[in-house]
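A.B. asks: Sharing my_file.cif, mmCIF, C-alpha atoms:
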data_data
loop_
_atom_site.label_atom_id
_atom_site.label_comp_id
_atom_site.auth_asym_id
_atom_site.auth_seq_id
_atom_site.Cartn_x
_atom_site.Cartn_y
_atom_site.Cartn_z
CA MET A 140 17.99 -9.44 -14.81
CA LYS A 141 16.60 -8.15 -11.57
CA ALA A 142 13.16 -9.25 -10.45
CA HIS A 143 11.10 -8.65 -7.31
CA LEU A 144 9.54 -11.64 -5.60
CA THR A 145 6.70 -11.28 -3.10
CA ARG A 146 5.41 -13.96 -0.79
CA ARG A 147 2.33 -13.68 1.46
CA TYR A 148 2.10 -15.20 4.93
CA ARG A 149 -0.51 -15.19 7.66
CA PHE A 150 -0.42 -15.01 11.44
CA SER A 151 -2.87 -14.16 14.19
CA SER A 152 -2.08 -12.18 17.33
CA SER A 153 -3.77 -10.15 19.99
CA HIS A 154 -2.78 -6.73 21.24
CA ARG A 155 -3.92 -3.72 23.20
CA LEU A 156 -2.99 -0.21 22.16
CA HIS A 157 -2.08 1.70 25.30
CA SER A 158 0.70 4.16 25.91
CA ALA A 159 2.21 4.49 29.38
CA GLU A 160 2.98 8.11 28.53
CA MET A 161 -0.68 9.07 28.22
CA SER A 162 -3.43 9.46 30.79
CA ALA A 163 -6.33 7.00 30.77
CA GLU A 164 -8.48 9.63 29.02
CA GLU A 165 -5.84 10.34 26.40
CA ASN A 166 -5.38 6.63 25.74
CA LEU A 167 -9.09 6.20 25.22
CA ALA A 168 -9.31 9.28 23.02
CA THR A 169 -6.32 8.16 20.95
CA TYR A 170 -6.92 4.44 20.62
CA GLY A 171 -10.68 4.11 21.08
CA LYS A 172 -11.84 0.49 21.09
CA CYS A 173 -8.23 -0.65 20.64
CA ASN A 174 -7.58 0.54 24.21
CA ASN A 175 -9.84 -2.17 25.71
CA PRO A 176 -7.77 -3.51 28.65
CA HIS A 177 -8.48 -7.11 27.73
CA GLY A 178 -7.05 -6.73 24.24
CA HIS A 179 -8.39 -7.94 20.92
CA GLY A 180 -6.96 -9.84 17.96
CA HIS A 181 -6.33 -9.72 14.24
CA ASN A 182 -5.56 -12.09 11.42
CA TYR A 183 -2.52 -10.38 9.93
CA THR A 184 -1.29 -10.93 6.39
CA LEU A 185 2.39 -10.26 5.82
CA GLU A 186 3.87 -9.61 2.37
CA VAL A 187 7.64 -9.90 2.08
CA THR A 188 9.24 -8.55 -1.09
CA VAL A 189 12.82 -9.48 -1.94
CA SER A 190 14.77 -8.66 -5.07
CA GLY A 191 17.89 -9.67 -6.92
CA PRO A 192 19.20 -11.01 -10.18
CA VAL A 193 17.49 -14.13 -11.50
CA ASP A 194 20.05 -16.94 -11.20
CA PRO A 195 20.35 -18.46 -14.69
CA ALA A 196 20.98 -21.92 -13.21
CA THR A 197 17.81 -22.01 -11.11
CA GLY A 198 15.60 -19.30 -12.63
CA MET A 199 15.13 -17.94 -9.12
CA VAL A 200 15.73 -14.71 -7.18
CA CYS A 201 15.99 -16.91 -4.11
CA ASN A 202 14.80 -20.35 -3.20
CA LEU A 203 11.34 -20.11 -1.64
CA VAL A 204 12.27 -22.87 0.78
CA ASP A 205 14.90 -20.52 2.28
CA LEU A 206 12.54 -17.54 2.46
CA ASP A 207 9.65 -19.58 3.88
CA GLY A 208 11.95 -21.24 6.40
CA PHE A 209 13.36 -17.93 7.63
CA VAL A 210 9.97 -16.21 7.88
CA GLU A 211 8.47 -19.23 9.65
CA SER A 212 11.24 -19.58 12.23
CA GLU A 213 12.01 -15.89 12.83
CA VAL A 214 8.71 -14.09 12.29
CA LEU A 215 5.65 -16.34 12.26
CA SER A 216 6.68 -18.52 15.18
CA ARG A 217 7.51 -15.35 17.13
CA TYR A 218 4.14 -13.63 16.68
CA ASP A 219 1.55 -16.25 15.67
CA LEU A 220 -1.02 -16.92 18.40
CA GLN A 221 0.73 -14.60 20.82
CA ASN A 222 -0.33 -11.54 22.77
CA LEU A 223 2.00 -8.90 21.30
CA ASN A 224 1.97 -6.82 24.49
CA THR A 225 3.64 -9.67 26.38
CA LEU A 226 6.62 -9.85 24.01
CA GLN A 227 9.97 -8.17 24.60
CA ASP A 228 9.61 -6.36 21.24
CA PHE A 229 6.74 -4.34 22.67
CA ALA A 230 7.95 -3.85 26.23
CA GLN A 231 8.88 -0.25 25.35
CA GLN A 232 6.55 0.54 22.46
CA VAL A 233 2.89 0.26 21.59
CA PRO A 234 2.14 -2.79 19.39
CA THR A 235 0.53 -0.81 16.60
CA THR A 236 0.80 -2.34 13.17
CA GLU A 237 3.19 0.51 12.29
CA ASN A 238 5.60 -0.62 15.02
CA LEU A 239 5.05 -4.29 14.16
CA SER A 240 5.91 -3.55 10.53
CA VAL A 241 9.21 -1.97 11.53
CA GLU A 242 10.04 -4.89 13.87
CA ILE A 243 9.39 -7.47 11.14
CA TYR A 244 11.37 -5.49 8.56
CA GLU A 245 14.33 -5.30 10.94
CA ILE A 246 14.24 -9.03 11.72
CA LEU A 247 14.40 -9.78 8.00
CA GLN A 248 16.98 -7.08 7.32
CA ARG A 249 19.28 -8.41 10.07
CA GLY A 250 19.01 -12.10 9.32
CA PHE A 251 17.91 -12.94 5.78
CA ARG A 252 20.92 -13.17 3.51
CA LYS A 253 19.65 -15.01 0.43
CA ALA A 254 18.24 -11.94 -1.38
CA HIS A 255 17.89 -8.19 -0.92
CA LEU A 256 14.95 -7.14 1.25
CA GLU A 257 12.90 -4.54 -0.64
CA ARG A 258 10.00 -3.95 1.71
CA ILE A 259 7.37 -5.54 3.84
CA ARG A 260 3.66 -4.87 3.78
CA LEU A 261 1.40 -5.82 6.65
CA GLU A 262 -2.38 -6.05 6.46
CA GLU A 263 -4.00 -5.73 9.88
CA THR A 264 -7.43 -6.25 8.36
CA MET A 265 -8.64 -6.29 4.78
CA MET A 266 -9.14 -2.53 5.13
CA ASN A 267 -5.80 -1.50 6.74
CA SER A 268 -2.32 -2.03 5.42
CA PHE A 269 1.12 -0.70 6.28
CA GLU A 270 4.36 -0.72 4.28
CA TYR A 271 7.92 -0.29 5.44
CA ALA A 272 11.03 -0.31 3.30
CA GLY A 273 13.63 0.80 5.83
CA GLU A 274 14.99 4.24 6.60
CA LYS A 275 17.51 4.33 3.78
CA SER A 276 15.20 3.41 0.95
CA GLU A 277 14.87 6.01 -1.78
CA THR A 278 11.44 4.83 -2.83
CA ALA A 279 9.77 4.50 0.53
CA SER A 280 11.65 6.22 3.31
CA THR A 281 8.59 6.40 5.51
CA LEU A 282 5.89 4.04 6.51
CA LYS A 283 2.99 4.09 4.06
CA VAL A 284 -0.33 3.61 5.75
CA VAL A 285 -3.56 2.84 3.95
CA LYS A 286 -6.59 2.92 6.22
CA MET B 94 2.04 10.33 -15.99
CA VAL B 95 -0.80 7.90 -15.40
CA TYR B 96 -0.42 4.16 -14.79
CA LEU B 97 -2.97 1.69 -16.07
CA THR B 98 -3.14 -1.99 -15.15
CA ARG B 99 -4.90 -4.74 -17.06
CA LYS B 100 -5.35 -8.21 -15.57
CA ALA B 101 -5.64 -11.55 -17.32
CA GLU B 102 -5.66 -15.16 -16.25
CA PHE B 103 -4.15 -18.23 -17.78
CA SER B 104 -3.54 -21.79 -16.67
CA ALA B 105 -0.44 -23.75 -17.54
CA SER B 106 1.75 -26.59 -16.36
CA HIS B 107 5.49 -26.69 -15.85
CA TYR B 108 8.31 -28.37 -13.99
CA TYR B 109 11.70 -27.19 -12.82
CA HIS B 110 14.77 -29.02 -14.03
CA ASN B 111 18.30 -27.97 -14.97
CA PRO B 112 20.05 -30.58 -17.14
CA ALA B 113 23.40 -29.29 -15.83
CA PHE B 114 22.48 -30.51 -12.34
CA THR B 115 22.55 -34.13 -11.19
CA PRO B 116 19.17 -35.74 -10.44
CA GLU B 117 19.97 -35.38 -6.73
CA GLU B 118 20.76 -31.68 -7.08
CA ASN B 119 17.61 -31.08 -9.11
CA LEU B 120 15.52 -32.75 -6.43
CA ARG B 121 17.27 -30.92 -3.59
CA ILE B 122 16.96 -27.47 -5.22
CA PHE B 123 13.56 -27.77 -6.86
CA GLY B 124 11.83 -30.25 -4.55
CA LYS B 125 8.35 -31.30 -5.65
CA CYS B 126 8.55 -28.88 -8.60
CA ASN B 127 11.09 -31.26 -10.16
CA ASN B 128 8.43 -33.90 -10.98
CA PRO B 129 9.03 -34.45 -14.74
CA ASN B 130 5.34 -35.00 -15.42
CA GLY B 131 4.72 -31.40 -14.41
CA HIS B 132 2.12 -29.68 -12.29
CA GLY B 133 -0.08 -26.68 -12.96
CA HIS B 134 -1.12 -23.27 -11.75
CA ASN B 135 -3.82 -20.72 -12.40
CA TYR B 136 -1.68 -17.70 -13.15
CA THR B 137 -2.88 -14.12 -12.89
CA LEU B 138 -1.06 -11.62 -15.03
CA GLU B 139 -1.07 -7.88 -14.35
CA VAL B 140 0.34 -5.64 -17.03
CA THR B 141 0.91 -2.02 -16.02
CA VAL B 142 1.58 0.60 -18.68
CA LYS B 143 2.36 4.27 -18.19
CA GLY B 144 1.97 7.39 -20.26
CA GLU B 145 0.39 10.79 -20.56
CA VAL B 146 -3.36 10.99 -20.95
CA ASP B 147 -4.24 11.77 -24.56
CA PRO B 148 -6.30 14.99 -24.40
CA ARG B 149 -8.57 13.92 -27.27
CA SER B 150 -9.38 10.37 -26.15
CA GLY B 151 -8.78 10.70 -22.41
CA PHE B 152 -6.87 7.42 -22.63
CA VAL B 153 -3.35 6.44 -21.60
CA VAL B 154 -3.76 3.46 -23.90
CA ASP B 155 -6.59 1.95 -25.88
CA LEU B 156 -7.58 -0.90 -23.55
CA LYS B 157 -9.01 -2.91 -26.39
CA GLN B 158 -5.65 -2.87 -28.14
CA LEU B 159 -3.79 -3.72 -24.93
CA LYS B 160 -6.14 -6.62 -24.31
CA GLU B 161 -5.64 -7.89 -27.86
CA ILE B 162 -1.85 -7.66 -27.58
CA MET B 163 -1.87 -9.52 -24.24
CA HIS B 164 -4.05 -12.24 -25.74
CA ARG B 165 -2.05 -12.59 -28.93
CA GLU B 166 1.43 -12.43 -27.43
CA VAL B 167 0.93 -14.16 -24.09
CA LEU B 168 -2.36 -15.94 -23.51
CA ASP B 169 -2.62 -17.65 -26.91
CA ALA B 170 0.92 -18.95 -26.43
CA MET B 171 0.72 -19.97 -22.78
CA ASP B 172 -2.86 -20.70 -21.74
CA HIS B 173 -3.48 -24.43 -21.32
CA ARG B 174 0.09 -25.25 -22.36
CA PHE B 175 2.96 -27.20 -20.85
CA LEU B 176 5.42 -24.31 -20.60
CA ASN B 177 8.60 -26.44 -20.80
CA LYS B 178 7.48 -28.15 -23.99
CA GLU B 179 5.36 -25.61 -25.82
CA VAL B 180 6.74 -22.13 -25.13
CA PRO B 181 10.11 -21.53 -26.85
CA GLU B 182 11.63 -19.41 -24.04
CA PHE B 183 11.35 -22.41 -21.75
CA TYR B 184 13.03 -24.94 -24.02
CA THR B 185 16.24 -23.69 -22.41
CA GLN B 186 15.21 -21.57 -19.40
CA ILE B 187 13.49 -22.91 -16.31
CA PRO B 188 9.85 -21.71 -16.29
CA THR B 189 9.95 -20.15 -12.82
CA THR B 190 7.66 -17.24 -12.07
CA GLU B 191 10.73 -15.00 -12.31
CA ASN B 192 11.53 -16.14 -15.86
CA LEU B 193 7.85 -16.09 -16.79
CA SER B 194 7.53 -12.42 -15.81
CA ILE B 195 10.65 -11.59 -17.86
CA ALA B 196 9.33 -13.56 -20.86
CA VAL B 197 5.98 -11.74 -20.70
CA TRP B 198 7.79 -8.38 -20.56
CA GLN B 199 9.90 -9.28 -23.59
CA ARG B 200 6.86 -10.44 -25.54
CA LEU B 201 4.92 -7.23 -24.82
CA GLU B 202 7.47 -4.43 -24.73
CA SER B 203 8.03 -3.95 -28.45
CA LYS B 204 4.36 -4.43 -29.31
CA LEU B 205 3.02 -1.48 -27.31
CA GLN B 206 2.57 1.72 -29.28
CA GLN B 207 1.03 4.55 -27.27
CA ALA B 208 2.07 3.71 -23.73
CA ARG B 209 5.27 2.34 -22.25
CA LEU B 210 5.42 -0.86 -20.27
CA HIS B 211 6.00 -0.14 -16.58
CA ARG B 212 5.62 -3.45 -14.77
CA VAL B 213 4.72 -7.05 -15.39
CA ARG B 214 3.39 -8.88 -12.34
CA VAL B 215 2.76 -12.61 -12.49
CA TYR B 216 0.92 -14.37 -9.67
CA GLU B 217 1.69 -18.07 -9.57
CA THR B 218 -0.69 -18.43 -6.62
CA PRO B 219 -2.49 -15.75 -4.58
CA ASP B 220 0.43 -15.93 -2.11
CA LEU B 221 3.34 -15.70 -4.56
CA PHE B 222 4.03 -13.15 -7.24
CA VAL B 223 6.97 -11.68 -9.14
CA ASP B 224 7.34 -8.13 -10.47
CA PHE B 225 9.61 -7.27 -13.39
CA TYR B 226 10.32 -3.65 -14.35
CA GLY B 227 12.59 -4.30 -17.32
CA GLU B 228 16.36 -4.19 -17.27
CA GLU B 229 17.18 -1.65 -14.59
#
Could you spell out this file's structure in structure tokens?
C.D. replies:
Amino acid sequence: MKAHLTRRYRFSSSHRLHSAEMSAEENLATYGKCNNPHGHGHNYTLEVTVSGPVDPATGMVCNLVDLDGFVESEVLSRYDLQNLNTLQDFAQQVPTTENLSVEIYEILQRGFRKAHLERIRLEETMMNSFEYAGEKSETASTLKVVK
Amino acid sequence: MVYLTRKAEFSASHYYHNPAFTPEENLRIFGKCNNPNGHGHNYTLEVTVKGEVDPRSGFVVDLKQLKEIMHREVLDAMDHRFLNKEVPEFYTQIPTTENLSIAVWQRLESKLQQARLHRVRVYETPDLFVDFYGEE
């Protein structure tokens, strides 16, 4: 029987939203306070949902130790207490939470083999959240944004 | 189609152990959850049903009935219980959150009359939950 398991994680990062393709005025008009040159930070909450058959021997979709270990080493340690703009991931793209969601999904999709990745959901604040389930998903082919 | 979700809370203890595994395997796979004296959680249950809105009542489901069914079938059986020892499903299955969400689904599905069960979500902690949508 297939079940979906969701685990929540937290990390904190700073960023500045600024596009090299826009003029200073356009950047300010587009990003507002988020364009502050000195940056600002968020406490992000990440939800990772994986799915698969429940193993009759363990009662599990996947062992949480494996999921926690992967997310810690590949996602949290990469972004927690970092300035996102200084990372290679955002050398060519603006570190919006939309782009961060896609980056995190792709890290999990590439490397986590213990269960099927269904989607990720990223809360930038308690009022903003973003979901990404990959390009090929039938249920969520685009990023869902709740602001 | 409208979806309606009702929440409930219950507290229970459990431990994870497969008698087919050696003690070393049980400890390696289940870690601290293998403590035979058990440990407990405050579970939050979300039951989502779906259906058309009845034009006379304006309801998808009579919430009072849904609440009664959830209490009778799930909470009365599981609240303040040791799941491994007191809930028949877990005499043989390991009471993981995955199996708990399946057990709740199976207890509720046949008891609902007006609306169909869409999803059972069981939170073991605020940072861990399992969704079950029936046999897909």
A.B. asks: Would you give me, as a ChimeraX atom specification, the residues of chain B that come within 6 Å of chain A, using all atoms listed in the file?
C.D. replies: /B:187,189,220-225
A.B. asks: How would you write, as a JSON list (two decimals) with C-alpha atoms, in the coordinates of the input, the residues chosen by the PyMOL selection byres ((chain B and resi 217) around 12) on this structure?
C.D. replies:
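What follows is the written file result.json:
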[["chain", "number", "residue", "atom", "x", "y", "z"],
["A", 144, "LEU", "CA", 9.54, -11.64, -5.60],
["A", 145, "THR", "CA", 6.70, -11.28, -3.10],
["A", 146, "ARG", "CA", 5.41, -13.96, -0.79],
["A", 147, "ARG", "CA", 2.33, -13.68, 1.46],
["B", 102, "GLU", "CA", -5.66, -15.16, -16.25],
["B", 103, "PHE", "CA", -4.15, -18.23, -17.78],
["B", 104, "SER", "CA", -3.54, -21.79, -16.67],
["B", 105, "ALA", "CA", -0.44, -23.75, -17.54],
["B", 106, "SER", "CA", 1.75, -26.59, -16.36],
["B", 107, "HIS", "CA", 5.49, -26.69, -15.85],
["B", 132, "HIS", "CA", 2.12, -29.68, -12.29],
["B", 133, "GLY", "CA", -0.08, -26.68, -12.96],
["B", 134, "HIS", "CA", -1.12, -23.27, -11.75],
["B", 135, "ASN", "CA", -3.82, -20.72, -12.40],
["B", 136, "TYR", "CA", -1.68, -17.70, -13.15],
["B", 137, "THR", "CA", -2.88, -14.12, -12.89],
["B", 138, "LEU", "CA", -1.06, -11.62, -15.03],
["B", 139, "GLU", "CA", -1.07, -7.88, -14.35],
["B", 188, "PRO", "CA", 9.85, -21.71, -16.29],
["B", 189, "THR", "CA", 9.95, -20.15, -12.82],
["B", 190, "THR", "CA", 7.66, -17.24, -12.07],
["B", 191, "GLU", "CA", 10.73, -15.00, -12.31],
["B", 192, "ASN", "CA", 11.53, -16.14, -15.86],
["B", 193, "LEU", "CA", 7.85, -16.09, -16.79],
["B", 194, "SER", "CA", 7.53, -12.42, -15.81],
["B", 214, "ARG", "CA", 3.39, -8.88, -12.34],
["B", 215, "VAL", "CA", 2.76, -12.61, -12.49],
["B", 216, "TYR", "CA", 0.92, -14.37, -9.67],
["B", 218, "THR", "CA", -0.69, -18.43, -6.62],
["B", 219, "PRO", "CA", -2.49, -15.75, -4.58],
["B", 220, "ASP", "CA", 0.43, -15.93, -2.11],
["B", 221, "LEU", "CA", 3.34, -15.70, -4.56],
["B", 222, "PHE", "CA", 4.03, -13.15, -7.24],
["B", 223, "VAL", "CA", 6.97, -11.68, -9.14],
["B", 224, "ASP", "CA", 7.34, -8.13, -10.47]]
A.B. asks: Would you kindly translate the PyMOL selection byres ((chain A and resi 267) around 12) into the concrete residues it picks from this file, as a PyMOL selection string?
C.D. replies: chain A and resi 181-184+235-237+260-266+268-270+283-286
A.B. asks: Have a look at A:Ala163, A:Leu156, A:Leu247, A:Ala168 and name the one nearest to Leu223 of chain A; count only C-alpha atoms.
C.D. replies: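 Using only C-alpha atoms, Leu223 of chain A sits closest to A:Leu156.
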A.B. asks: Go through A:Gln232, A:Leu239, A:His255, A:Gly273 one by one, measure the shortest atom-to-atom distance of each to Glu160 of chain A using all atoms listed in the file, and give the residue with the smallest value.
C.D. replies: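 Among the listed residues, A:Gln232 lies closest to Glu160 of chain A.
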A.B. asks: One decimal, in Å: what's the spacing between atom CA of Phe152 of chain B and atom CA of Glu229 of chain B?
C.D. replies: 26.9 Å
A.B. asks: Please provide as a list in words all residues within 10 Å of Val167 of chain B, with the sequence filter that same-chain residues fewer than 3 positions apart are discarded (counting only C-alpha atoms).
C.D. replies: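 Everything that qualifies: Ala101, Phe103, Leu138, Glu161, Ile162, Met163, His164, Ala170, Met171, Asp172, Val180, Ala196, Val197, Trp198, Arg200 and Leu201 of chain B.
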